[in-house]
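Structure first, commentary second.
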Amino acid sequence: MAVSDSHSGRLARFARAWTGPRRGESARQSVMVIVLGILLILTYVPLIYLAILSLKDNGQIYGRFWSLPNPARWANFVYGAQAIWRPMWNSILTTTISTAGTLVFASLSGYVFARHRFPGKELIYTAILALLMIPPILTLVPAYVLIYNLHLQNTYWALILPWTSGGQVFALLLCRSFFATLPEEFFDAARIDGASELAIFLRIAVPLSVPILVTVAVVRLVTTYNQFMWPLVVISSPARQVVAVALTQFTSDMGITDIGPQMAAYILAAAPLIVLFSLGMKQYVQGITAGGLKA
Amino acid sequence: MRTPRVAGPPVAVVIFLMLLAQTAFAQDGGGQLWRFDAGGRVQSASVTADGQRVVLGARDNLARAFDRAGKPVWQFPAANSVLGVDISPDGRWTAVASEDRNVTLLDEAGKPLWQFKAGRAMNNAAVADDGSLVAATSDDRSFYILDGRGKLVWQEDLGIGVSGVAIYGTGDNARVVIGSDDGYVTVYSRTGEHLLQSRLDYDVKSVAVTPNGATIVAGTSDGLVTLLDGASGQRLWNYKTGKLVNSVAISQDGRTILAGSNDKQAYLLDGNGKLVQTFKPGAEVLATALSGDGTLLVLGTSANAAQVLDRGAAGASQAASQTRQSGTIAAALFGLAIVGAASALAVRRTARGARVWQRASSGPRDLGRRMWQARISYLMILPTLVLLLTFNYYPAFSGLFHAFTDWSPGAKTEWVGLANFELLLHDRFFISSFQNTVILVIVQILKTLTVPLLVAELVFSLRHDRTRYWLRTLFIVPLVLPVVVEILLWNNIYDPTIGLLNQTLTALGRPEWARTWYGDANVALGSVIFIGFPWVSAFALLIFYGGLIGISEEIFDASRVDGANGLQRFLHIDLPMLTGQIKLLLILNFISAVQTFEVVYLTTGGGPGSATYTPALELYYMAMRMYNMGAASAIGMILFAIILAGTVVNMRFVRSSMEYEA
């Protein structure tokens, strides 16, 4: 889970010690649980609504709004999948490739910036960090024109290249500070043995830095999968569109609004994130916090 | 060894890339695909969703179908003028209304399937998407509803002129929209039930509707184009053209509208009634049609001509240049690699660069040697540098530069000084967008700093381990929902007819509170802000909770000894200890709120009027709908300045929180 549970024991001990002598503590605890419960229910209303709609047909939605799906139309998920499997594939493909690209390039240069000494190092590094100040909205139009001029509109490259590039700054930041913490002795030993720079990077630096690479990967995957504005601008062909945009064009593709399959498609679109978060929630939080604080 | 001196390398990169951009942008971004001259006035037009079939009806007694390139596919001869044509989105059915009193249904090859004859001329016709229903209006002041085999289902005698007809939905759910000279727009069910009626101020000459029936557009005899909400019949906006509106068309998403007027112009409007472009074909525009995505435009005129225009020509033509493409990329990347490497090396020649490394070197003569020794380092960071220069640095500088130019696809870049900013100063959409942004920034920050902090505190203070674990987990789970899905889901919740919100209000006995949440200018922005209620942002919750866990036990113990109660502990311990987290969320939310786009683009599209515009939305419309890249860049630059100012103010805070963490 997201945050360490190691505190629970000591917190419980502390809470008991702190509140033990007081009367009415259990009443207060109950109030807290009730408040949280109400907030929880309100938070989940849209999700439950989504789940219910995804199993109804239009007749059930228009005719019996308040009834549960009866019969439950599981076929909606088949229709939903038919409509969005291609955009899902596009999303997964471009997201994975650009994340992999970011990891390769950013770990390479992060390693160089952490462990090499060469003329102009700090200057270049500062110039790269300055990019953190550039909001995507500033580069949107010129980047679109660039893609247009390179004749990359409606290709995967239009997504992969800018995403790979843009992810590097944040990744470089994390990688550099991580590589800087590795003991110098490892690298010196390898150099004495005559290993090449690339070999040192691949055999020593990368294996030691798996945790930070996973963190970068999870953050980039989640961020990229949620991208909406850029694909909206550079991709107009439905065959190449990513799922975030394709979901919004669902209605026009199907001709009429069949709400059930549409809702089923929304749920299916969350599947990659469900997998990702169940595996890497902790890394996601670490990455976001670290990136945000250092930026 | 010495490297050659390169003067001002970053400048060189920028200039090189700008040249690249300008030379390659010579081709036109859109325009006329083809033109057809008929033997009589082109009275009506229709096009399939994918734009692959264009059907024209003319006074030379022929209905003709063409493919996207303008090649004739079939033609159908009538005994007199063809006044109305309508092709289904998939191109399988075409309804033809002709002055010989007939309405005819044709198959995909233009073969007549059946004919139905009325007492007088048929002046317009529409066919359902699945061909199961045909509606035709006649000069005998009535309209006829026919089933897929040509059998009359019912007819209605209005006793007044009627010529506007459209159909949406399929099978039993097909609905007929009729616009008549008494100013009514009426929606009928297949069986003739009145589902909705809306009264406009002038004769309704033509109507069009989106495939889901959510939006109806009507053109009147007074030159008004009126957009109606298909669920409530409410008027969303009016656009005034010169004179009588002969014909209207709407794209499938309802965000592109084309109206042909007898003032010899056709008006292309966006979903908010904002003019995108006008066309002047030189004669009265009798017929208009739009493809499903609104990129293919058909105009039919009284000068016997039909014009087919493509707003997305840029996208289509690039498919043909696939082969050229790889060469261009290779050349561009190679050029960039060289320039990037040169500038990376030459940057060392600048005073500051030299100072940085001179600390460890004996003198400038040493530089070349040291750089040569470090060549492997440069090589390893080269891919990063090339990518960042191409896709981050260059667009950033290009954006700042082009904010001062008239920059539109197909036209050359022209320096215009501050004209773009002046234009924005007089753009009421942009002004309004700024007011909205102030509200959005404040509200977003409040949303993130209140509810998640409350939840984090409450969960943290729970004594029961398992309850705490489950509550924490359950509050975080919604993070798996893609951002877009959450917005789309709320669109459904706000739906005027089947939305959860209005249904709940009705069920609670308060139907008068129900409304079109996005359509009412008074509540639209509030509705957009309300999305995500109760705003337990999982992300902020995680950060706050992490912060609370990080507070050391000793501090709590000390407060206990001092006899502090819960509120005191919160104010004097938790809040000060969470300063870092609060400042982090403050800046992250500030940056994202200034760039708000999705949540308005996907909900209201900025409307009604300019009620929910944001600068990013206006930037998008400027760039993608009006092709005014210069003004769009100017908006980008303004937002950049705002974000930069906000970030600089926050820098100190973020720095201090880092030190705190360390």
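Going through the structure tokens in order, the chains are called A, B, and so on, while each chain numbers its residues from 1 and the ligands are numbered from 1 in the order shown.
Around segment 381-395 of chain B, within 6 Å and counting only C-alpha atoms, the residues found are Phe105, Ser109, Thr139, Pro142, Ala143, Pro162 and Ser165 of chain A; Ala337, Gly340, Tyr378, Ser398 and Gly399 of chain B, once anything fewer than 3 positions away on its own chain is removed.
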task = May I have the residues within 8 Å of segment 190-205 of chain A as a VMD selection string, using only C-alpha atoms and disregarding those fewer than 4 positions away in the same chain?
result = (chain A and resid 108 111 179 186 209) or (chain B and resid 376)
Residue subset to file, keeping all heavy atoms, as a PDB file, in the first residue's frame:
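The new file result-v4.pdb reads:
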```pdb
ATOM      1  N   LEU A 108      21.168   7.254 -18.510  1.00  0.00           N
ATOM      2  CA  LEU A 108      22.503   7.469 -19.080  1.00  0.00           C
ATOM      3  C   LEU A 108      23.032   8.851 -18.693  1.00  0.00           C
ATOM      4  O   LEU A 108      24.110   8.984 -18.110  1.00  0.00           O
ATOM      5  CB  LEU A 108      22.405   7.396 -20.612  1.00  0.00           C
ATOM      6  CG  LEU A 108      23.016   6.195 -21.319  1.00  0.00           C
ATOM      7  CD1 LEU A 108      22.774   6.294 -22.796  1.00  0.00           C
ATOM      8  CD2 LEU A 108      24.488   6.083 -21.009  1.00  0.00           C
ATOM      9  N   TYR A 111      23.546   9.419 -14.978  1.00  0.00           N
ATOM     10  CA  TYR A 111      24.796   8.809 -14.534  1.00  0.00           C
ATOM     11  C   TYR A 111      25.976   9.722 -14.856  1.00  0.00           C
ATOM     12  O   TYR A 111      26.840   9.977 -14.014  1.00  0.00           O
ATOM     13  CB  TYR A 111      24.950   7.450 -15.209  1.00  0.00           C
ATOM     14  CG  TYR A 111      26.305   6.823 -15.026  1.00  0.00           C
ATOM     15  CD1 TYR A 111      26.675   6.275 -13.804  1.00  0.00           C
ATOM     16  CD2 TYR A 111      27.213   6.775 -16.080  1.00  0.00           C
ATOM     17  CE1 TYR A 111      27.917   5.712 -13.633  1.00  0.00           C
ATOM     18  CE2 TYR A 111      28.457   6.216 -15.922  1.00  0.00           C
ATOM     19  CZ  TYR A 111      28.812   5.688 -14.695  1.00  0.00           C
ATOM     20  OH  TYR A 111      30.044   5.133 -14.531  1.00  0.00           O
ATOM     21  N   PHE A 179      22.177   8.460  -8.348  1.00  0.00           N
ATOM     22  CA  PHE A 179      23.518   7.977  -8.702  1.00  0.00           C
ATOM     23  C   PHE A 179      24.579   8.634  -7.820  1.00  0.00           C
ATOM     24  O   PHE A 179      25.611   8.040  -7.527  1.00  0.00           O
ATOM     25  CB  PHE A 179      23.826   8.263 -10.173  1.00  0.00           C
ATOM     26  CG  PHE A 179      23.115   7.334 -11.117  1.00  0.00           C
ATOM     27  CD1 PHE A 179      22.379   7.824 -12.171  1.00  0.00           C
ATOM     28  CD2 PHE A 179      23.198   5.962 -10.947  1.00  0.00           C
ATOM     29  CE1 PHE A 179      21.727   6.978 -13.036  1.00  0.00           C
ATOM     30  CE2 PHE A 179      22.547   5.102 -11.810  1.00  0.00           C
ATOM     31  CZ  PHE A 179      21.802   5.613 -12.862  1.00  0.00           C
ATOM     32  N   PHE A 186      32.855   1.474  -5.838  1.00  0.00           N
ATOM     33  CA  PHE A 186      32.374   0.507  -6.842  1.00  0.00           C
ATOM     34  C   PHE A 186      32.932   0.840  -8.212  1.00  0.00           C
ATOM     35  O   PHE A 186      33.413  -0.014  -8.944  1.00  0.00           O
ATOM     36  CB  PHE A 186      30.846   0.553  -6.947  1.00  0.00           C
ATOM     37  CG  PHE A 186      30.137   0.005  -5.743  1.00  0.00           C
ATOM     38  CD1 PHE A 186      28.892   0.479  -5.375  1.00  0.00           C
ATOM     39  CD2 PHE A 186      30.710  -1.015  -4.992  1.00  0.00           C
ATOM     40  CE1 PHE A 186      28.235  -0.025  -4.292  1.00  0.00           C
ATOM     41  CE2 PHE A 186      30.056  -1.530  -3.890  1.00  0.00           C
ATOM     42  CZ  PHE A 186      28.812  -1.030  -3.540  1.00  0.00           C
ATOM     43  N   SER A 209      20.448   0.820  -9.310  1.00  0.00           N
ATOM     44  CA  SER A 209      19.474   1.909  -9.282  1.00  0.00           C
ATOM     45  C   SER A 209      18.080   1.468  -9.694  1.00  0.00           C
ATOM     46  O   SER A 209      17.251   2.299 -10.050  1.00  0.00           O
ATOM     47  CB  SER A 209      19.951   3.037 -10.193  1.00  0.00           C
ATOM     48  OG  SER A 209      20.116   2.541 -11.489  1.00  0.00           O
TER      49      SER A 209
ATOM     50  N   ILE B 376      33.511  10.813 -24.248  1.00  0.00           N
ATOM     51  CA  ILE B 376      32.545   9.744 -23.966  1.00  0.00           C
ATOM     52  C   ILE B 376      31.381  10.298 -23.134  1.00  0.00           C
ATOM     53  O   ILE B 376      30.227   9.918 -23.323  1.00  0.00           O
ATOM     54  CB  ILE B 376      33.250   8.563 -23.253  1.00  0.00           C
ATOM     55  CG1 ILE B 376      32.308   7.373 -23.104  1.00  0.00           C
ATOM     56  CG2 ILE B 376      33.789   8.963 -21.901  1.00  0.00           C
ATOM     57  CD1 ILE B 376      32.225   6.524 -24.328  1.00  0.00           C
TER      58      ILE B 376
END
```
task = May I ask you to extract the residues of chain B within 6 Å of chain A, using only C-alpha atoms, and to give them as a PyMOL selection string?
result = chain B and resi 24+211-212+252+325+348+353+357+374+381+384+387-388+391+395-396+399+463+480-482+485+560+636-637
task = Write out as a ChimeraX atom specification the residues lying within 9 Å of Leu68 of chain A, counting only C-alpha atoms and excluding same-chain residues fewer than 5 positions away.
result = /A:52-53,55-56,60
query = So which bits of segment 6-229 of chain A end up helix (DSSP H, G or I) when you DSSP the backbone, as a ChimeraX atom specification?
reply = /A:7-19,25-53,58-63,75-115,121-133,136-149,157-181,184-192,197-208,210-225,229
key: Contacts of Val82 of chain B at 10 Å (only C-alpha atoms; same-chain gap of 2+ positions) as a PyMOL selection string   = chain B and resi 40-44+56-64+76-80+84-85+96-100+102-103+121-124
message = To one decimal place in Å, what is the distance between atom CA of Leu309 of chain B and atom CA of Leu297 of chain B?
response = 5.0 Å
Within 9 Å of Ile212 of chain A using only C-alpha atoms, minus same-chain residues under 2 positions, as a PyMOL selection string = chain A and resi 174-175+178+209-210+214-217+283+287
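The coordinates place atom CA of His426 of chain B at 25.7 Å from atom CA of Phe397 of chain B.
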request  = Mind checking which residues fall within 9 Å of segment 51-55 of chain B, counting only C-alpha atoms, ignoring those fewer than 5 positions away in the same chain, and posting them as a PyMOL selection string?
outcome  = chain B and resi 44-46+63-70+73+85-87+89-91+94+289-293+295-298+308
inquiry  = As an exercise, work out the distance from atom CA of Ala524 of chain B to atom CA of Ala634 of chain B in Å and give it to one decimal place.
reply    =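 Taking atom CA of Ala524 of chain B and atom CA of Ala634 of chain B, their separation equals 27.0 Å.
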